[in-house]
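Data from structure23.cif: mmCIF, C-alpha atoms and all ligand atoms
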```
data_work
loop_
_atom_site.group_PDB
_atom_site.id
_atom_site.type_symbol
_atom_site.label_atom_id
_atom_site.label_comp_id
_atom_site.auth_asym_id
_atom_site.auth_seq_id
_atom_site.Cartn_x
_atom_site.Cartn_y
_atom_site.Cartn_z
ATOM 1 C CA MET A 1 -24.908 -89.768 -68.434
ATOM 2 C CA THR A 2 -25.140 -92.731 -66.113
ATOM 3 C CA CYS A 3 -23.067 -93.223 -62.982
ATOM 4 C CA SER A 4 -19.660 -94.655 -63.940
ATOM 5 C CA LEU A 5 -19.683 -96.876 -60.848
ATOM 6 C CA CYS A 6 -23.112 -98.532 -60.574
ATOM 7 C CA GLU A 7 -24.675 -97.627 -63.952
ATOM 8 C CA ASN A 8 -28.011 -97.609 -62.120
ATOM 9 C CA ASP A 9 -28.622 -93.886 -61.829
ATOM 10 C CA TYR A 10 -27.508 -90.699 -63.511
ATOM 11 C CA GLY A 11 -24.145 -89.334 -62.495
ATOM 12 C CA THR A 12 -22.820 -85.898 -61.612
ATOM 13 C CA SER A 13 -19.343 -84.515 -62.106
ATOM 14 C CA LEU A 14 -17.455 -83.568 -58.979
ATOM 15 C CA CYS A 15 -13.938 -83.855 -60.330
ATOM 16 C CA GLU A 16 -11.907 -80.654 -60.252
ATOM 17 C CA ASN A 17 -10.442 -81.615 -63.661
ATOM 18 C CA GLU A 18 -13.934 -81.770 -65.194
ATOM 19 C CA CYS A 19 -13.084 -85.280 -66.384
ATOM 20 C CA THR A 20 -15.688 -87.686 -67.753
ATOM 21 C CA TYR A 21 -16.071 -89.715 -64.565
ATOM 22 C CA LEU A 22 -19.632 -89.371 -63.272
ATOM 23 C CA MET A 23 -21.100 -90.602 -60.018
ATOM 24 C CA CYS A 24 -24.600 -90.867 -58.571
ATOM 25 C CA ARG A 25 -25.454 -89.598 -55.089
ATOM 26 C CA GLU A 26 -25.444 -93.084 -53.589
ATOM 27 C CA CYS A 27 -22.010 -93.961 -54.964
ATOM 28 C CA ILE A 28 -20.598 -90.581 -53.881
ATOM 29 C CA ASN A 29 -21.660 -91.325 -50.309
ATOM 30 C CA LYS A 30 -19.832 -94.659 -50.402
ATOM 31 C CA LEU A 31 -16.535 -93.187 -51.587
ATOM 32 C CA LYS A 32 -13.582 -93.882 -49.323
ATOM 33 C CA SER A 33 -11.105 -91.530 -50.963
ATOM 34 C CA PRO A 34 -11.616 -87.848 -51.762
ATOM 35 C CA ASN A 35 -9.972 -88.361 -55.162
ATOM 36 C CA CYS A 36 -11.466 -89.067 -58.566
ATOM 37 C CA PRO A 37 -11.258 -92.827 -59.313
ATOM 38 C CA GLN A 38 -10.303 -91.978 -62.920
ATOM 39 C CA CYS A 39 -7.804 -89.105 -62.818
ATOM 40 C CA ARG A 40 -7.103 -88.774 -59.052
ATOM 41 C CA GLY A 41 -8.221 -85.125 -59.142
ATOM 42 C CA SER A 42 -9.901 -83.702 -56.064
ATOM 43 C CA LEU A 43 -13.629 -84.412 -55.739
ATOM 44 C CA ASN A 44 -14.309 -81.492 -53.487
ATOM 45 C CA ILE A 45 -16.581 -78.542 -54.031
ATOM 46 C CA LYS A 46 -15.481 -75.686 -51.820
ATOM 47 C CA LEU A 47 -18.363 -73.752 -50.311
ATOM 48 C CA PHE A 48 -18.568 -70.466 -48.466
ATOM 49 C CA ILE A 49 -21.940 -70.172 -46.771
ATOM 50 C CA SER A 50 -22.843 -66.605 -46.010
ATOM 51 C CA GLY A 51 -25.602 -65.997 -43.477
ATOM 52 C CA LYS A 52 -26.363 -64.776 -39.979
ATOM 53 C CA ILE A 53 -24.696 -67.324 -37.769
ATOM 54 C CA CYS A 54 -25.955 -67.112 -34.257
ATOM 55 C CA ILE A 55 -29.468 -65.822 -33.958
ATOM 56 C CA GLU A 56 -31.085 -67.741 -36.742
ATOM 57 C CA PRO A 57 -32.036 -71.029 -35.119
ATOM 58 C CA HIS A 58 -34.255 -72.336 -37.896
ATOM 59 C CA MET A 59 -31.490 -71.954 -40.436
ATOM 60 C CA PRO A 60 -28.293 -73.221 -38.860
ATOM 61 C CA ILE A 61 -25.503 -71.964 -41.075
ATOM 62 C CA PRO A 62 -22.662 -74.450 -41.457
ATOM 63 C CA CYS A 63 -19.655 -72.551 -40.163
ATOM 64 C CA ARG A 64 -16.138 -73.043 -38.847
ATOM 65 C CA PHE A 65 -15.556 -72.853 -35.121
ATOM 66 C CA VAL A 66 -12.912 -70.680 -33.528
ATOM 67 C CA VAL A 67 -12.089 -71.457 -29.904
ATOM 68 C CA GLN A 68 -10.587 -68.796 -27.697
ATOM 69 C CA SER A 69 -7.224 -69.690 -26.290
ATOM 70 C CA LYS A 70 -4.418 -67.582 -24.973
ATOM 71 C CA VAL A 71 -6.543 -64.487 -24.392
ATOM 72 C CA HIS A 72 -7.743 -66.092 -21.197
ATOM 73 C CA GLU A 73 -4.954 -68.330 -19.955
ATOM 74 C CA GLU A 74 -7.172 -69.794 -17.250
ATOM 75 C CA ILE A 75 -9.586 -71.303 -19.764
ATOM 76 C CA ASP A 76 -9.139 -74.954 -20.544
ATOM 77 C CA ASN A 77 -9.761 -75.268 -24.267
ATOM 78 C CA ASP A 78 -10.223 -78.995 -24.103
ATOM 79 C CA GLU A 79 -13.163 -78.419 -21.812
ATOM 80 C CA VAL A 80 -14.677 -75.846 -24.166
ATOM 81 C CA VAL A 81 -14.340 -78.255 -27.077
ATOM 82 C CA ALA A 82 -15.808 -81.121 -25.018
ATOM 83 C CA THR A 83 -18.841 -78.957 -24.196
ATOM 84 C CA MET A 84 -19.267 -78.070 -27.842
ATOM 85 C CA ARG A 85 -19.280 -81.729 -28.751
ATOM 86 C CA GLY A 86 -21.767 -82.577 -26.005
ATOM 87 C CA GLU A 87 -22.102 -85.727 -23.972
ATOM 88 C CA GLY A 88 -23.579 -88.050 -26.541
ATOM 89 C CA ASP A 89 -26.209 -85.502 -27.532
ATOM 90 C CA GLY A 90 -24.385 -84.749 -30.728
ATOM 91 C CA ALA A 91 -24.208 -81.029 -30.066
ATOM 92 C CA ILE A 92 -21.723 -80.596 -32.883
ATOM 93 C CA ASP A 93 -19.658 -83.178 -34.590
ATOM 94 C CA ILE A 94 -16.251 -81.617 -35.114
ATOM 95 C CA PRO A 95 -12.914 -83.411 -35.449
ATOM 96 C CA ASP A 96 -9.784 -82.001 -33.757
ATOM 97 C CA GLU A 97 -8.180 -80.868 -36.986
ATOM 98 C CA ASP A 98 -11.154 -78.647 -37.791
ATOM 99 C CA ILE A 99 -11.003 -76.621 -34.622
ATOM 100 C CA ILE A 100 -9.377 -73.258 -35.162
ATOM 101 C CA TYR A 101 -7.621 -71.551 -32.297
ATOM 102 C CA TYR A 102 -8.211 -67.907 -31.610
ATOM 103 C CA ASP A 103 -4.550 -66.875 -31.947
ATOM 104 C CA ASP A 104 -4.283 -68.516 -35.370
ATOM 105 C CA PHE A 105 -7.525 -66.893 -36.438
ATOM 106 C CA MET A 106 -6.400 -63.423 -35.347
ATOM 107 C CA ASN A 107 -3.102 -63.679 -37.205
ATOM 108 C CA VAL A 108 -4.417 -63.039 -40.714
ATOM 109 C CA GLU A 109 -1.026 -63.891 -42.259
ATOM 110 C CA HIS A 110 -1.526 -67.443 -41.006
ATOM 111 C CA GLU A 111 -3.384 -69.498 -43.594
ATOM 112 C CA LEU A 112 -6.227 -71.548 -42.144
ATOM 113 C CA PRO A 113 -6.783 -75.089 -43.448
ATOM 114 C CA ILE A 114 -10.069 -75.766 -45.244
ATOM 115 C CA GLU A 115 -12.563 -78.029 -43.486
ATOM 116 C CA GLN A 116 -13.908 -81.243 -45.022
ATOM 117 C CA ILE A 117 -17.610 -81.325 -44.100
ATOM 118 C CA THR A 118 -18.970 -84.101 -46.316
ATOM 119 C CA PRO A 119 -17.008 -86.641 -48.399
ATOM 120 C CA THR A 120 -17.219 -84.238 -51.350
ATOM 121 C CA THR A 121 -17.687 -80.815 -49.790
ATOM 122 C CA GLN A 122 -15.276 -78.488 -48.113
ATOM 123 C CA LEU A 123 -16.133 -75.383 -46.160
ATOM 124 C CA THR A 124 -13.878 -72.337 -46.387
ATOM 125 C CA GLY A 125 -15.972 -70.131 -44.068
ATOM 126 C CA PRO A 126 -17.597 -68.298 -42.373
ATOM 127 C CA PHE A 127 -16.346 -68.458 -38.796
ATOM 128 C CA ALA A 128 -18.049 -68.443 -35.430
ATOM 129 C CA ILE A 129 -15.974 -67.564 -32.378
ATOM 130 C CA VAL A 130 -17.425 -69.555 -29.518
ATOM 131 C CA SER A 131 -17.340 -68.393 -25.929
ATOM 132 C CA GLU A 132 -15.912 -70.461 -23.091
ATOM 133 C CA THR A 133 -19.412 -70.999 -21.694
ATOM 134 C CA CYS A 134 -21.046 -72.163 -24.888
ATOM 135 C CA LEU A 135 -23.693 -74.862 -24.700
ATOM 136 C CA PRO A 136 -24.930 -75.591 -28.220
ATOM 137 C CA MET A 137 -27.927 -77.692 -27.260
ATOM 138 C CA ASP A 138 -28.326 -79.792 -30.394
ATOM 139 C CA GLY A 139 -27.840 -76.744 -32.537
ATOM 140 C CA PHE A 140 -29.947 -74.445 -30.359
ATOM 141 C CA TRP A 141 -27.242 -71.841 -30.197
ATOM 142 C CA CYS A 142 -27.939 -68.576 -28.495
ATOM 143 C CA GLU A 143 -26.149 -65.268 -28.461
ATOM 144 C CA LYS A 144 -24.145 -65.946 -25.291
ATOM 145 C CA ASP A 145 -22.543 -68.988 -26.946
ATOM 146 C CA PHE A 146 -20.555 -66.621 -29.158
ATOM 147 C CA VAL A 147 -17.946 -63.979 -28.516
ATOM 148 C CA ASP A 148 -18.956 -60.454 -29.509
ATOM 149 C CA ALA A 149 -16.912 -59.904 -32.652
ATOM 150 C CA LYS A 150 -17.409 -56.134 -32.765
ATOM 151 C CA PRO A 151 -13.961 -55.297 -31.301
ATOM 152 C CA PHE A 152 -12.259 -57.233 -34.094
ATOM 153 C CA ALA A 153 -14.786 -56.855 -36.904
ATOM 154 C CA ASP A 154 -11.928 -55.914 -39.229
ATOM 155 C CA ILE A 155 -10.220 -59.283 -38.700
ATOM 156 C CA VAL A 156 -13.488 -61.162 -39.229
ATOM 157 C CA ASN A 157 -14.032 -59.268 -42.490
ATOM 158 C CA LYS A 158 -10.493 -60.106 -43.643
ATOM 159 C CA ARG A 159 -10.908 -63.783 -42.751
ATOM 160 C CA ASN A 160 -14.244 -63.948 -44.576
ATOM 161 C CA HIS A 161 -12.677 -62.262 -47.600
ATOM 162 C CA GLN A 162 -9.884 -64.869 -47.660
ATOM 163 C CA ALA A 163 -12.452 -67.654 -47.338
ATOM 164 C CA ILE A 164 -14.497 -66.225 -50.217
ATOM 165 C CA VAL A 165 -11.342 -66.121 -52.361
ATOM 166 C CA ASN A 166 -10.768 -69.815 -51.510
ATOM 167 C CA CYS A 167 -14.290 -71.020 -52.356
ATOM 168 C CA ASP A 168 -15.708 -72.300 -55.655
ATOM 169 C CA VAL A 169 -19.328 -71.691 -54.766
ATOM 170 C CA PHE A 170 -20.647 -68.787 -52.708
ATOM 171 C CA VAL A 171 -23.988 -69.498 -51.050
ATOM 172 C CA LEU A 172 -26.066 -66.647 -49.626
ATOM 173 C CA LYS A 173 -28.512 -68.117 -47.146
ATOM 174 C CA LEU A 174 -30.961 -65.347 -46.382
ATOM 175 C CA ASN A 175 -32.556 -65.137 -42.979
ATOM 176 C CA ILE A 176 -36.282 -64.813 -42.582
ATOM 177 C CA MET A 177 -36.227 -60.997 -42.476
ATOM 178 C CA CYS A 178 -33.686 -60.779 -45.322
ATOM 179 C CA ASP A 179 -31.744 -58.195 -43.273
ATOM 180 C CA CYS A 180 -28.304 -59.840 -43.207
ATOM 181 C CA PHE A 181 -26.661 -56.813 -44.800
ATOM 182 C CA ARG A 182 -23.026 -57.852 -44.376
ATOM 183 C CA ASN A 183 -23.813 -61.150 -46.105
ATOM 184 C CA ILE A 184 -25.416 -59.290 -48.986
ATOM 185 C CA ALA A 185 -22.214 -57.208 -49.281
ATOM 186 C CA GLU A 186 -20.201 -60.456 -49.342
ATOM 187 C CA TRP A 187 -22.228 -61.522 -52.378
ATOM 188 C CA GLY A 188 -20.751 -58.488 -54.155
ATOM 189 C CA ILE A 189 -17.216 -59.601 -53.242
ATOM 190 C CA ALA A 190 -17.888 -63.132 -54.530
ATOM 191 C CA SER A 191 -19.461 -61.751 -57.695
ATOM 192 C CA ALA A 192 -16.411 -59.572 -58.405
ATOM 193 C CA LEU A 193 -14.202 -62.642 -57.909
ATOM 194 C CA GLY A 194 -16.209 -64.606 -60.513
ATOM 195 C CA LYS A 195 -17.508 -67.256 -58.102
ATOM 196 C CA THR A 196 -20.542 -69.441 -58.753
ATOM 197 C CA LEU A 197 -23.331 -67.739 -56.809
ATOM 198 C CA ILE A 198 -26.306 -69.384 -55.138
ATOM 199 C CA ILE A 199 -29.081 -67.717 -53.164
ATOM 200 C CA LEU A 200 -31.240 -69.682 -50.720
ATOM 201 C CA PHE A 201 -34.310 -68.402 -48.945
ATOM 202 C CA THR A 202 -35.761 -69.609 -45.660
ATOM 203 C CA ASP A 203 -37.846 -72.623 -46.490
ATOM 204 C CA LEU A 204 -41.079 -73.507 -44.725
ATOM 205 C CA ARG A 205 -39.861 -77.122 -44.654
ATOM 206 C CA ASP A 206 -36.876 -76.111 -42.470
ATOM 207 C CA ILE A 207 -39.140 -74.455 -39.918
ATOM 208 C CA ASP A 208 -41.597 -77.374 -39.919
ATOM 209 C CA MET A 209 -38.753 -79.806 -39.359
ATOM 210 C CA HIS A 210 -37.571 -77.817 -36.328
ATOM 211 C CA ILE A 211 -41.083 -77.561 -34.905
ATOM 212 C CA SER A 212 -41.560 -81.316 -35.169
ATOM 213 C CA ASN A 213 -38.134 -81.900 -33.627
ATOM 214 C CA ILE A 214 -38.252 -79.455 -30.776
ATOM 215 C CA ASP A 215 -40.039 -81.598 -28.156
ATOM 216 C CA ASN A 216 -37.318 -84.256 -28.446
ATOM 217 C CA VAL A 217 -34.631 -81.651 -27.888
ATOM 218 C CA LEU A 218 -36.565 -80.195 -24.968
ATOM 219 C CA ALA A 219 -36.761 -83.607 -23.304
ATOM 220 C CA ARG A 220 -32.979 -83.916 -23.391
ATOM 221 C CA TYR A 221 -32.374 -80.522 -21.761
ATOM 222 C CA ILE A 222 -35.209 -80.654 -19.234
ATOM 223 C CA HIS A 223 -32.757 -80.344 -16.310
ATOM 224 C CA HIS A 224 -31.145 -77.272 -17.795
ATOM 225 C CA GLU A 225 -33.306 -74.405 -16.624
ATOM 226 C CA ASP A 226 -32.022 -71.683 -18.984
ATOM 227 C CA GLY A 227 -31.953 -74.141 -21.853
ATOM 228 C CA THR A 228 -35.548 -75.229 -21.305
ATOM 229 C CA GLU A 229 -36.708 -71.619 -21.311
ATOM 230 C CA LEU A 230 -34.701 -70.883 -24.446
ATOM 231 C CA ILE A 231 -36.065 -73.882 -26.332
ATOM 232 C CA LYS A 232 -39.672 -73.097 -25.362
ATOM 233 C CA LYS A 233 -39.188 -69.518 -26.520
ATOM 234 C CA ARG A 234 -37.761 -70.780 -29.794
ATOM 235 C CA LYS A 235 -40.821 -72.943 -30.347
ATOM 236 C CA ARG A 236 -43.080 -69.900 -29.964
ATOM 237 C CA ASN A 237 -40.863 -67.968 -32.361
ATOM 238 C CA TYR A 238 -40.921 -70.728 -34.966
ATOM 239 C CA ILE A 239 -44.693 -70.656 -34.971
ATOM 240 C CA LYS A 240 -44.646 -66.862 -35.366
ATOM 241 C CA ASP A 241 -42.001 -67.078 -38.124
ATOM 242 C CA ARG A 242 -44.019 -69.694 -39.942
ATOM 243 C CA LYS A 243 -46.979 -67.313 -40.169
ATOM 244 C CA PHE A 244 -44.729 -64.436 -41.228
ATOM 245 C CA LEU A 245 -43.150 -66.522 -43.945
ATOM 246 C CA ILE A 246 -46.473 -67.670 -45.384
ATOM 247 C CA ASN A 247 -47.760 -64.093 -45.554
ATOM 248 C CA ASN A 248 -44.643 -62.241 -46.688
ATOM 249 C CA SER A 249 -42.181 -64.517 -48.376
ATOM 250 C CA HIS A 250 -43.213 -63.907 -51.977
ATOM 251 C CA LYS A 251 -42.992 -60.126 -51.671
ATOM 252 C CA MET A 252 -39.639 -60.223 -49.820
ATOM 253 C CA GLN A 253 -38.094 -62.768 -52.148
ATOM 254 C CA SER A 254 -39.134 -60.836 -55.245
ATOM 255 C CA GLU A 255 -36.870 -57.981 -54.057
ATOM 256 C CA PHE A 256 -33.969 -60.320 -54.843
ATOM 257 C CA TYR A 257 -34.763 -60.782 -58.531
ATOM 258 C CA MET A 258 -31.410 -59.331 -59.604
ATOM 259 C CA PHE A 259 -29.554 -61.757 -57.343
ATOM 260 C CA ALA A 260 -31.627 -64.566 -58.837
ATOM 261 C CA ALA A 261 -30.742 -63.522 -62.389
ATOM 262 C CA GLU A 262 -27.052 -63.279 -61.514
ATOM 263 C CA SER A 263 -27.060 -66.691 -59.846
ATOM 264 C CA ILE A 264 -28.612 -68.366 -62.903
ATOM 265 C CA LYS A 265 -26.010 -66.680 -65.105
ATOM 266 C CA THR A 266 -23.071 -68.030 -63.054
ATOM 267 C CA LEU A 267 -24.587 -71.550 -63.086
ATOM 268 C CA ASP A 268 -25.164 -71.381 -66.855
ATOM 269 C CA LYS A 269 -21.392 -71.254 -67.301
ATOM 270 C CA LEU A 270 -21.003 -74.728 -65.753
ATOM 271 C CA SER A 271 -21.703 -78.110 -67.311
ATOM 272 C CA PHE A 272 -25.015 -79.749 -66.403
ATOM 273 C CA THR A 273 -23.235 -82.509 -64.485
ATOM 274 C CA LYS A 274 -21.223 -79.962 -62.471
ATOM 275 C CA ARG A 275 -24.334 -77.979 -61.564
ATOM 276 C CA GLU A 276 -26.054 -81.159 -60.376
ATOM 277 C CA ALA A 277 -22.948 -82.052 -58.363
ATOM 278 C CA ILE A 278 -23.090 -78.750 -56.495
ATOM 279 C CA PHE A 279 -26.710 -79.278 -55.494
ATOM 280 C CA THR A 280 -26.130 -82.847 -54.329
ATOM 281 C CA SER A 281 -22.903 -82.038 -52.467
ATOM 282 C CA HIS A 282 -24.407 -80.734 -49.225
ATOM 283 C CA PRO A 283 -27.736 -81.145 -47.398
ATOM 284 C CA ILE A 284 -27.951 -77.351 -47.095
ATOM 285 C CA PHE A 285 -29.363 -77.239 -50.642
ATOM 286 C CA ASN A 286 -32.169 -79.759 -50.109
ATOM 287 C CA ILE A 287 -33.228 -78.960 -53.683
ATOM 288 C CA THR A 288 -32.178 -80.153 -57.146
ATOM 289 C CA TYR A 289 -30.662 -77.825 -59.730
ATOM 290 C CA ASN A 290 -33.870 -77.842 -61.799
ATOM 291 C CA GLU A 291 -36.049 -77.061 -58.781
ATOM 292 C CA TYR A 292 -33.670 -74.252 -57.829
ATOM 293 C CA VAL A 293 -33.808 -72.592 -61.240
ATOM 294 C CA LYS A 294 -37.593 -72.956 -61.381
ATOM 295 C CA LYS A 295 -37.852 -71.252 -57.997
ATOM 296 C CA LEU A 296 -35.571 -68.374 -59.029
ATOM 297 C CA LYS A 297 -37.454 -67.870 -62.291
ATOM 298 C CA SER A 298 -40.679 -67.545 -60.306
ATOM 299 C CA ILE A 299 -39.049 -64.628 -58.466
ATOM 300 C CA ILE A 300 -37.842 -62.924 -61.613
ATOM 301 C CA VAL A 301 -41.215 -62.871 -63.434
HETATM 302 ZN ZN ZN B 1 -23.793 -94.978 -58.787
HETATM 303 ZN ZN ZN B 2 -11.362 -86.895 -62.660
#
```

Using the file provided, produce a representation of the structure as structure tokens.
Ligand SMILES: [Zn+2]
Ligand SMILES: [Zn+2]
Amino acid sequence: MTCSLCENDYGTSLCENECTYLMCRECINKLKSPNCPQCRGSLNIKLFISGKICIEPHMPIPCRFVVQSKVHEEIDNDEVVATMRGEGDGAIDIPDEDIIYYDDFMNVEHELPIEQITPTTQLTGPFAIVSETCLPMDGFWCEKDFVDAKPFADIVNKRNHQAIVNCDVFVLKLNIMCDCFRNIAEWGIASALGKTLIILFTDLRDIDMHISNIDNVLARYIHHEDGTELIKKRKRNYIKDRKFLINNSHKMQSEFYMFAAESIKTLDKLSFTKREAIFTSHPIFNITYNEYVKKLKSIIV
């Protein structure tokens, strides 16, 4: 099962038509067109990534951004979007067509386009509604960057439901305390819809990466008083979380043995090359299919 393009590595199958065309990770990254070179089928895997969006700094959840618009006529949306993108600091890299406006989001009859996040991955949801004062310092989001969604929780639930219907693969990214209850309920929705299910736990490597990165981020926001305080606090929290994870992760993860068993079952239905394609499609996985299954089996026993 070598890559049909370079024949130098093994290939995975991304094609929606499950055709025989296989590609290695390197060749996938060089693709110019989102269509299968053999049958022109779509090469996209549609993900829904369920997880706590705002207050989980060590596990940034890829999400879609909703910008408030006509609720506050005086707000200049272009300015909000410019702040989100940052001034060369790469706050978030988001093209115009992937910004969702509040009015469109609230009108649940209006179908939202799906966002292309890597050459072979699309994101159907979830959604974060950003406030007009947001300052996502290199991904160091804080609660005030988001609008309180409580007054329209019903709409958010409906939008997430639609996005789960539209996905191929539902990913539950558990936070460190494993207390993201709405996300766990969404797993049930995805399961009833027959989606491929994947469960990811907080990984020590994620936290270590943030700890080693944090001084660079701090240097860039040194003139931003609130930001500096926030980042320093985050660093202390990472160190605390790291300890917590080392001492408690096995016990907490073992509570999810039924989720693990269900996930393996949904993946068993796919071809080997498709399963590999899912795990190489987005950096969020940071794990191969075989490593993933090995990890889940260690929870089940
Ligand atoms: Zn190749
Ligand atoms: Zn094809």

> Counting all atoms listed in the file, which protein, DNA or RNA residues come within 6 Å of ligand ZN 2 (chain B), given as number ranges by chain?
Replying inline: A: 15, 17, 19, 21, 36, 38-41

>> Could you list the protein, DNA and RNA residues that have any atom within 7 Å of ligand ZN 1 (chain B), counting only C-alpha atoms and all ligand atoms, and write them as number ranges by chain?
In response: A: 3-9, 11, 23-27

>> Please enumerate the residues selected by the PyMOL selection byres (((chain A and resi 107-112) around 10) and not hetatm) when evaluated against the supplied file, formatted as an NGL selection string.
In response: :A and (98 or 100-106 or 113-115 or 124 or 155-156 or 158-159 or 162-163)

>> I want to know what sits within 7 Å of stretch 174-190 of chain A, based on all atoms listed in the file, with residues of the same chain fewer than 2 positions away left out; could you give that as JSON, numbers by chain?
In response: {"A": [50, 51, 52, 56, 164, 170, 172, 192, 193, 194, 195, 200, 201, 202]}

>> With distances taken over all atoms listed in the file, which residue among A:Leu135, A:Ala128, A:Ile28, A:Ile214 lies nearest A:Ile61?
In response: A:Ala128

>> the PyMOL selection byres (((chain A and resi 274) around 9) and not hetatm) - which residues does that actually catch in the file I just gave you? List them as a ChimeraX atom specification.
In response: /A:12-15,18,270-273,275-279

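Atom CA of A:Glu262 lies 8.6 Å from atom CA of A:Ser191.
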
>> Applying 10 Å and only C-alpha atoms, which residues near A:Ser33 remain after dropping the ones on its own chain fewer than 6 positions away? List them as a ChimeraX atom specification.
In response: /A:40,42-43,119-120
